[in-house]
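Below is one structure; the comments refer to it alone.
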Protein chains: 2
Amino acid sequence: MRIFLSGPSGVGKSTIISTILERNSDFILSVSYTTRPPRKHEVEGKDYFFITHTQFERMIDQGAFLEWAHVHNHLYGTSLSWVESEELKGRNILFDIDVQGVRQAQEIKSPGCFIFVIPPSMDDLRTRLDKRGTEDENTMKTRLDNARQELKAWDRYDFLVVNDTIGSAIQDIQSIIDACRCSRDEVIKRLPWLLKIG
Amino acid sequence: MRIFLSGPSGVGKSTIISTILERNSDFILSVSYTTRPPRKHEVEGKDYFFITHTQFERMIDQGAFLEWAHVHNHLYGTSLSWVESEELKGRNILFDIDVQGVRQAQEIKSPGCFIFVIPPSMDDLRTRLDKRGTEDENTMKTRLDNARQELKAWDRYDFLVVNDTIGSAIQDIQSIIDACRCSRDEVIKRLPWLLKIG
């Protein structure tokens with residue numbers, strides 16, 4: 001089962017993701033391939049799969065990616081066969097993914113639930129970014145503009161979770177995950193007798 | 001919000017429905033129109049809206065029904081404008097509905113979540129019907145044949161809930177309802193600012 005989670009920067013996605021992973025031991029976070037050199041403490045196969053530019057481009061040519069993107073001069077992508085092999089081991093995958101990635105995943109008709117975490121208002125998002133205290137006015141403006149651009153894609157998602165409080169957002173996402181476990185395409189896998197009846 | 005709940009006779013749907021209604025005070029059970037005469041203790045507008053055959057047929061001609069059916073010489077149907085007026089009062093509607101009704105609701109593209117409660121196996125359903133102890137062998141055969149026919153329609157539903165235990169089925173349906181509250185079309189109603197952004 002695939003859960004795709006998006007949300008603009010500052011909306012509280014990282015806290016949500018770590019809590020969801022703690023509470024759902026059958027879920028793992030998607031591990032991307034990247035051409036970025038490993039940072040200290042980053043572990044191959046846990047944080048990323050580190051590959052060369054040439055290797056990455058070969059994978060693009062082979063259609064090996066569920067989604068990929070160019071970010072700050074480096075390439076990042078999720079390998080479809082990595083996802084499928086984890087699924088074969090019975091694992092469910094949580095994707096921390098942006099709007100562009102979702103667009104690509106939907107283009108290749110990936111199954112899964114698409115969830116968008118949104119702030120209660122743009123003012124609220126500004127307040128959250130303010131509290132981080134690390135942004136100058138220009139960076140802030142860019143972030144808010146980016147968020148506004150991303151939020152325009154709300155209609156690509158099956159579910160919208162308003163992050164009023166982190167607790168209620170986590171509870172909503174847990175319900176969505178539990179509901180996705182009951183989605184027709186998930187349940188029918190476990191019920192061969194029902195397939196035979198039809 | 002509309003939750004459509006189906007399931008073959010004997011699967012435990014009535015217990016599920018009464019528990020869900022107890023726990024979700026914003027939900028009411030859909031009230032049907034019928035040409036059947038009222039039974040003792042049945043209350044107009046609570047159990048059914050009792051109307052004449054002529055009135056019912058006029059409503060059919062007007063396209064007034066979300067779904068309707070002929071059952072044992074009587075007509076039963078859900079009025080679309082009744083549903084809409086309840087929704088305007090802020091109520092959510094739970095529909096106890098069969099496969100034919102779901103087909104009609106989907107034909108007129110009613111919004112909503114479609115949930116099918118299914119037994120863990122056909123043997124399990126037979127055991128449940130056996131326990132009722134009121135069925136002769138012929139009635140039992142008819143009920144199982146009907147169930148098999150209904151179960152063929154599993155792919156019309158968004159969610160399949162296996163009634164392994166009544167507790168787990170109720171919990172699954174509660175998660176589905178909570179997830180449906182987060183569905184894009186429900187949430188966007190409460191977020192005019194997000195509509196304006198896009």
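By convention in this document, the chains of the structure tokens carry letters A, B, ... by their order, each chain's residues are numbered from 1, and ligands are numbered from 1 in the order they are shown.
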
If the cut-off is 6 Å, can you tell me the residues of chain B near chain A, counting only C-alpha atoms? I'd like them as JSON, numbers by chain. {"B": [152, 158, 159, 160, 175, 176, 179, 182, 183, 184, 198]}

Using the chain letters and numbers from this document, which residues of segment 57-179 of chain A does DSSP assign to strand (DSSP E), as a list in words?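 So the strand (DSSP E) residues in segment 57-179 of chain A would be Phe65, Leu66, Glu67, Trp68, Ala69, His70, Val71, His74, Leu75, Tyr76, Gly77, Thr78, Ser79, Asn92, Ile93, Leu94, Phe95, Asp96, Cys113, Phe114, Ile115, Phe116, Val117, Ile118, Phe159, Leu160, Val161 and Val162 of chain A.
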
Which residues come within 8 Å of Gly101 of chain B, counting only C-alpha atoms, excluding same-chain residues fewer than 5 positions away, as a PyMOL selection string? chain B and resi 67-69

Nearest to Glu44 of chain A: which of A:Ser6, A:Ser25, A:Ser32, A:Arg190 is it, counting only C-alpha atoms? A:Ser32

Skipping near chain neighbours, those fewer than 3 positions away, what residues fall within 12 Å of segment 16-23 of chain A using only C-alpha atoms, listed as a PyMOL selection string? chain A and resi 3-7+10-13+26-30+91-97+115-117+161+163+165-178

All residues 12 Å or closer to Glu84 of chain A, only C-alpha atoms, same chain fewer than 2 positions away omitted, as a list in words: Met1, Arg2, Ser30, Ala64, Phe65, Leu66, Thr78, Ser79, Leu80, Ser81, Trp82, Glu86, Glu87, Leu88, Lys89, Gly90, Arg91, Asn92, Ile93, Ser110 and Pro111 of chain A

Phe50 of chain A environment, 10 Å, only C-alpha atoms, sequence neighbours closer than 2 positions dropped, as a PyMOL selection string: chain A and resi 32-38+42-45+47-48+52-53+55-56+76

List every residue of chain A that DSSP, applied to the backbone of this structure, assigns to helix (DSSP H, G or I), and report them as a PyMOL selection string. chain A and resi 13-23+53-61+80-88+99-107+122-132+137-156+166-181+184-189+192-197

Distance in Å - atom CA of Met59 of chain B versus atom CA of Ala105 of chain B: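 Between atom CA of Met59 of chain B and atom CA of Ala105 of chain B the gap is 15.9 Å.
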
For Leu129 of chain B, list every protein, DNA or RNA residue within 12 Å, evaluated using only C-alpha atoms, and leave out those in the same chain fewer than 4 positions away; present the list as an NGL selection string. :B and (8-12 or 119 or 122-125 or 133-137 or 139-144 or 147)
